[in-house]
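Participant: My questions will all concern the structure given below.
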Amino acid sequence: MRGGPVIAVDGPAAAGKGTLARKLAEALGLPYLDTGLLYRAVGRLALDEGQDPAQPAQQFAERLTPADMQRTDLRTPEVAQAASKVAAQPAVRAALVETQRRFAAERGAVLDGRDIGTAIFPDADVKLFITASPATRTRRRFLQNGGNPDAPDAQARLREMEEALCARDKADASRDSAPMCIADDAYVIETDTLDAQAVLAEALRFTRERLAVTRG
Ligand code: CDP
Ligand code: CDP
């Protein structure tokens, strides 16, 4: 048995996974890993080398360092697209599995991503799937990036962002290797009408209930 519980937080782009997972980890005293950063860092390294991220990128995954994941230039739309392309490669995913499992080995952990409850930890103590409509998620990412919804070009920019976000979700859900999907035993939280605090309250309620059953 692991030293602590594993809590999987999966869902589509900009649903609020990271925000929730970080707060859950804090509330439960568990380590937190944003697994999207692994794929973003691999995509970043491919771009740095002038390589098309759709080309084999396994070597970048194999030589990933903690410093690569701490770079401040991983949150751009260009890197998100590159991450999704490298993430579709089975060899890249295989190279990153152990890092994720080892992270939780000692004390348990909260991890957020796309395949945590389905492929990385199919035996996770708690599985949450956080989602919202594309329009809600696009607006969240737009505001998160400092966008002004009252600017004259806001509608055009929101439309463009929503297209990119939906294209990435579609690619993530339709790839052969560990596609994004809802685990059979996941608890789905639809967050269109919930703020981050309400999502945390609901996730904590479910998590505590589950942990009482699985861990006593
Ligand atoms: O990790 P993921 O891409 O799923 O989303 P995030 O970066 O955690 O959240 C995107 C933005 O939505 C952040 O600015 C959050 O503060 C905001 N937000 C949220 O996380 N949850 C809500 N229910 C509402 C807004
Ligand atoms: O924050 P956002 O939801 O926009 O993206 P992210 O969680 O940082 O993930 C970036 C990309 O990495 C995703 O679009 C997926 O293609 C990939 N990813 C994955 O395949 N598996 C994971 N466990 C996490 C991310």
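Starting from 1 in every chain, residues are counted up; chains themselves are A, B, ... following the order of the structure tokens, and ligands are numbered from 1 as listed.
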Which residues are near ligand 2 - at most 8 Å, using only C-alpha atoms and all ligand atoms? Format: as a ChimeraX atom specification.

Facilitator: /A:10-18,34-40,75,80-88,93,112-116,165,168-169,171-172,178-180

Participant: Could you write those residues out with N, CA and C atoms, as a tab-separated table (two decimals), in the first residue's frame?

Facilitator:
chain	number	residue	atom	x	y	z
A	10	ASP	N	-8.71	14.78	-13.47
A	10	ASP	CA	-8.61	14.85	-14.93
A	10	ASP	C	-9.69	15.76	-15.49
A	11	GLY	N	-9.51	16.11	-16.78
A	11	GLY	CA	-10.52	16.93	-17.44
A	11	GLY	C	-9.94	17.67	-18.62
A	12	PRO	N	-10.79	18.34	-19.41
A	12	PRO	CA	-10.33	19.05	-20.60
A	12	PRO	C	-9.60	20.36	-20.24
A	13	ALA	N	-9.11	21.05	-21.27
A	13	ALA	CA	-8.30	22.25	-21.09
A	13	ALA	C	-9.05	23.36	-20.34
A	14	ALA	N	-8.35	24.00	-19.43
A	14	ALA	CA	-8.83	25.19	-18.71
A	14	ALA	C	-10.14	24.97	-17.95
A	15	ALA	N	-10.35	23.73	-17.49
A	15	ALA	CA	-11.57	23.44	-16.72
A	15	ALA	C	-11.44	23.89	-15.26
A	16	GLY	N	-10.18	24.12	-14.83
A	16	GLY	CA	-9.95	24.46	-13.43
A	16	GLY	C	-9.33	23.31	-12.66
A	17	LYS	N	-8.74	22.35	-13.38
A	17	LYS	CA	-8.11	21.18	-12.75
A	17	LYS	C	-6.97	21.57	-11.81
A	18	GLY	N	-6.07	22.41	-12.35
A	18	GLY	CA	-4.88	22.78	-11.58
A	18	GLY	C	-5.26	23.57	-10.33
A	34	ASP	N	1.41	18.84	-11.29
A	34	ASP	CA	0.73	19.27	-12.50
A	34	ASP	C	1.37	18.49	-13.66
A	35	THR	N	0.73	17.38	-14.09
A	35	THR	CA	1.38	16.53	-15.09
A	35	THR	C	1.39	17.18	-16.48
A	36	GLY	N	0.52	18.16	-16.70
A	36	GLY	CA	0.53	18.88	-17.97
A	36	GLY	C	1.89	19.54	-18.21
A	37	LEU	N	2.55	19.94	-17.11
A	37	LEU	CA	3.86	20.59	-17.24
A	37	LEU	C	4.90	19.66	-17.84
A	38	LEU	N	4.77	18.35	-17.60
A	38	LEU	CA	5.71	17.39	-18.20
A	38	LEU	C	5.62	17.47	-19.72
A	39	TYR	N	4.38	17.40	-20.23
A	39	TYR	CA	4.18	17.41	-21.68
A	39	TYR	C	4.49	18.79	-22.26
A	40	ARG	N	4.16	19.84	-21.51
A	40	ARG	CA	4.50	21.19	-21.98
A	40	ARG	C	6.01	21.35	-22.09
A	75	ARG	N	3.40	28.29	-20.48
A	75	ARG	CA	1.94	28.48	-20.45
A	75	ARG	C	1.39	29.16	-21.70
A	80	ALA	N	1.11	24.89	-25.56
A	80	ALA	CA	-0.02	23.98	-25.31
A	80	ALA	C	-0.26	23.07	-26.53
A	81	GLN	N	-0.21	23.67	-27.72
A	81	GLN	CA	-0.39	22.88	-28.95
A	81	GLN	C	0.74	21.86	-29.11
A	82	ALA	N	1.97	22.32	-28.85
A	82	ALA	CA	3.12	21.42	-28.98
A	82	ALA	C	3.01	20.27	-27.98
A	83	ALA	N	2.56	20.59	-26.75
A	83	ALA	CA	2.39	19.57	-25.71
A	83	ALA	C	1.42	18.49	-26.18
A	84	SER	N	0.31	18.92	-26.77
A	84	SER	CA	-0.71	17.97	-27.21
A	84	SER	C	-0.14	17.06	-28.31
A	85	LYS	N	0.73	17.62	-29.16
A	85	LYS	CA	1.32	16.81	-30.25
A	85	LYS	C	2.32	15.79	-29.71
A	86	VAL	N	3.17	16.21	-28.78
A	86	VAL	CA	4.13	15.22	-28.23
A	86	VAL	C	3.40	14.21	-27.35
A	87	ALA	N	2.29	14.65	-26.72
A	87	ALA	CA	1.55	13.77	-25.80
A	87	ALA	C	0.83	12.64	-26.54
A	88	ALA	N	0.66	12.80	-27.85
A	88	ALA	CA	-0.01	11.74	-28.64
A	88	ALA	C	0.95	10.60	-28.96
A	93	ARG	N	4.82	9.23	-23.84
A	93	ARG	CA	4.01	8.92	-22.65
A	93	ARG	C	4.72	7.86	-21.80
A	112	ASP	N	-2.94	16.28	-11.45
A	112	ASP	CA	-3.94	16.65	-12.44
A	112	ASP	C	-3.40	16.47	-13.85
A	113	GLY	N	-4.32	16.05	-14.76
A	113	GLY	CA	-3.91	15.81	-16.13
A	113	GLY	C	-5.07	15.34	-16.99
A	114	ARG	N	-4.79	14.34	-17.84
A	114	ARG	CA	-5.82	13.81	-18.74
A	114	ARG	C	-6.07	12.33	-18.49
A	115	ASP	N	-5.02	11.62	-18.04
A	115	ASP	CA	-5.07	10.14	-17.97
A	115	ASP	C	-4.68	9.63	-16.59
A	116	ILE	N	-4.78	10.47	-15.57
A	116	ILE	CA	-4.30	10.05	-14.25
A	116	ILE	C	-5.17	8.92	-13.70
A	165	LEU	N	-8.78	25.66	-28.38
A	165	LEU	CA	-9.03	24.83	-27.19
A	165	LEU	C	-9.82	23.57	-27.57
A	168	ARG	N	-7.65	21.09	-29.50
A	168	ARG	CA	-6.74	20.37	-28.59
A	168	ARG	C	-7.50	19.30	-27.80
A	169	ASP	N	-8.70	19.65	-27.30
A	169	ASP	CA	-9.52	18.64	-26.58
A	169	ASP	C	-9.82	17.45	-27.50
A	171	ALA	N	-8.14	16.39	-30.11
A	171	ALA	CA	-6.92	15.59	-30.34
A	171	ALA	C	-6.63	14.74	-29.09
A	172	ASP	N	-6.77	15.34	-27.90
A	172	ASP	CA	-6.46	14.62	-26.65
A	172	ASP	C	-7.43	13.46	-26.41
A	178	ALA	N	-3.57	6.40	-24.29
A	178	ALA	CA	-4.11	7.05	-23.10
A	178	ALA	C	-4.92	8.31	-23.42
A	179	PRO	N	-5.99	8.15	-24.21
A	179	PRO	CA	-6.81	9.33	-24.54
A	179	PRO	C	-7.50	9.90	-23.31
A	180	MET	N	-7.82	11.19	-23.36
A	180	MET	CA	-8.59	11.78	-22.27
A	180	MET	C	-10.00	11.16	-22.29

Participant: So that I can check the surroundings of Thr65 of chain A, please list as a compact mmCIF listing (two decimals) with N, CA and C atoms, in the first residue's frame every protein, DNA and RNA residue that reaches within 12 Å of it, counting only C-alpha atoms and ignoring chain neighbours fewer than 6 positions away.

Facilitator:
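What follows is the written file result_3.txt:
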# COMPACT_ATOMS: atom_id res chain seq x y z
N LEU A 37 2.55 19.94 -17.11
CA LEU A 37 3.86 20.59 -17.24
C LEU A 37 4.90 19.66 -17.84
N LEU A 38 4.77 18.35 -17.60
CA LEU A 38 5.71 17.39 -18.20
C LEU A 38 5.62 17.47 -19.72
N ALA A 41 6.75 20.84 -21.10
CA ALA A 41 8.21 20.98 -21.12
C ALA A 41 8.81 20.20 -22.30
N VAL A 42 8.26 19.02 -22.58
CA VAL A 42 8.76 18.24 -23.73
C VAL A 42 8.46 19.00 -25.03
N LEU A 45 10.91 21.89 -25.40
CA LEU A 45 12.25 21.47 -25.82
C LEU A 45 12.27 21.16 -27.32
N ARG A 71 10.40 26.24 -16.07
CA ARG A 71 10.54 27.38 -16.98
C ARG A 71 9.27 28.23 -16.96
N LEU A 96 7.37 9.04 -19.47
CA LEU A 96 6.96 9.90 -18.35
C LEU A 96 6.15 9.18 -17.27
N THR A 99 8.02 8.65 -13.67
CA THR A 99 8.16 9.91 -12.92
C THR A 99 6.88 10.20 -12.15

Participant: Could you give me, as a tab-separated table (two decimals) with N, CA and C atoms, in the first residue's frame, the residues within 10 Å of Leu28 of chain A, counting only C-alpha atoms and dropping anything in the same chain fewer than 2 positions from it?

Facilitator:
chain	number	residue	atom	x	y	z
A	5	PRO	N	-2.92	8.57	0.17
A	5	PRO	CA	-3.87	8.40	-0.93
A	5	PRO	C	-3.42	9.07	-2.22
A	23	LYS	N	-5.41	23.27	-4.46
A	23	LYS	CA	-6.12	23.54	-3.19
A	23	LYS	C	-6.46	22.26	-2.46
A	24	LEU	N	-6.81	21.22	-3.21
A	24	LEU	CA	-7.10	19.92	-2.58
A	24	LEU	C	-5.86	19.41	-1.86
A	25	ALA	N	-4.72	19.51	-2.54
A	25	ALA	CA	-3.46	19.03	-1.97
A	25	ALA	C	-3.16	19.77	-0.67
A	26	GLU	N	-3.38	21.08	-0.72
A	26	GLU	CA	-3.12	21.92	0.45
A	26	GLU	C	-4.04	21.50	1.60
A	30	LEU	N	-1.13	16.91	1.05
A	30	LEU	CA	-0.49	15.98	0.11
A	30	LEU	C	0.35	16.75	-0.90
A	31	PRO	N	1.40	16.09	-1.46
A	31	PRO	CA	2.15	16.73	-2.54
A	31	PRO	C	1.27	16.87	-3.79
A	109	ALA	N	-0.41	11.53	-3.33
A	109	ALA	CA	-0.34	12.82	-4.03
A	109	ALA	C	-1.67	13.15	-4.69
A	110	VAL	N	-1.80	14.43	-5.03
A	110	VAL	CA	-2.87	14.87	-5.93
A	110	VAL	C	-2.19	15.17	-7.25
A	204	LEU	N	-13.93	18.29	-2.08
A	204	LEU	CA	-13.49	17.88	-0.74
A	204	LEU	C	-14.52	16.99	-0.07
A	207	THR	N	-14.24	13.61	-1.76
A	207	THR	CA	-12.94	13.00	-1.45
A	207	THR	C	-12.94	12.44	-0.03
A	208	ARG	N	-13.43	13.22	0.92
A	208	ARG	CA	-13.42	12.77	2.32
A	208	ARG	C	-14.31	11.55	2.49

Participant: Which one of A:Ala201, A:Arg44, A:Arg215, A:Val97 sits closest to Thr72 of chain A if you count only C-alpha atoms?

Facilitator: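 Closest to Thr72 of chain A, using only C-alpha atoms: A:Arg44.
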
Participant: Could you name the residues that touch Ile189 of chain A at 8 Å or less, counting only C-alpha atoms, but leaving out those on the same chain fewer than 5 positions away, as number ranges by chain?

Facilitator: A: 128-131, 199, 203

Participant: Only C-alpha atoms, please: the residues just picked out, written as a CSV table (one decimal), in the first residue's frame.

Facilitator:
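Generated output (part_31.csv):
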chain,number,residue,atom,x,y,z
A,128,LEU,CA,-12.4,13.5,-10.1
A,129,PHE,CA,-13.3,14.6,-13.6
A,130,ILE,CA,-13.6,18.4,-13.8
A,131,THR,CA,-15.4,19.9,-16.8
A,199,VAL,CA,-15.8,23.3,-6.8
A,203,ALA,CA,-14.5,17.9,-4.4

Participant: Counting only C-alpha atoms, which residue out of A:Pro152, A:Gly216, A:Gly146, A:Gly4 sits closest to Ala124 of chain A?

Facilitator: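 When distances to Ala124 of chain A are compared using only C-alpha atoms, the smallest one comes from A:Gly4.
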
Participant: Identify, with DSSP run on backbone atoms, the residues in chain A assigned to helix (DSSP H, G or I), and express the list as an NGL selection string.

Facilitator: :A and (17-28 or 36-48 or 58-62 or 66-69 or 77-87 or 90-105 or 116-120 or 134-144 or 154-174 or 196-214)

Participant: Return the single residue from A:Gln197, A:Ser133, A:Thr118, A:Gln70 that is closest to ligand 1, with distances computed using only C-alpha atoms and all ligand atoms.

Facilitator: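 Checking each candidate against ligand 1, we get A:Gln197 as the closest.
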
Participant: Smallest atom-to-atom distance to ligand 1: which of A:Glu78, A:Glu202, A:Asp184, A:Glu209, using only C-alpha atoms and all ligand atoms?

Facilitator: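 Of the candidates, the smallest distance to ligand 1 is held by A:Glu202.
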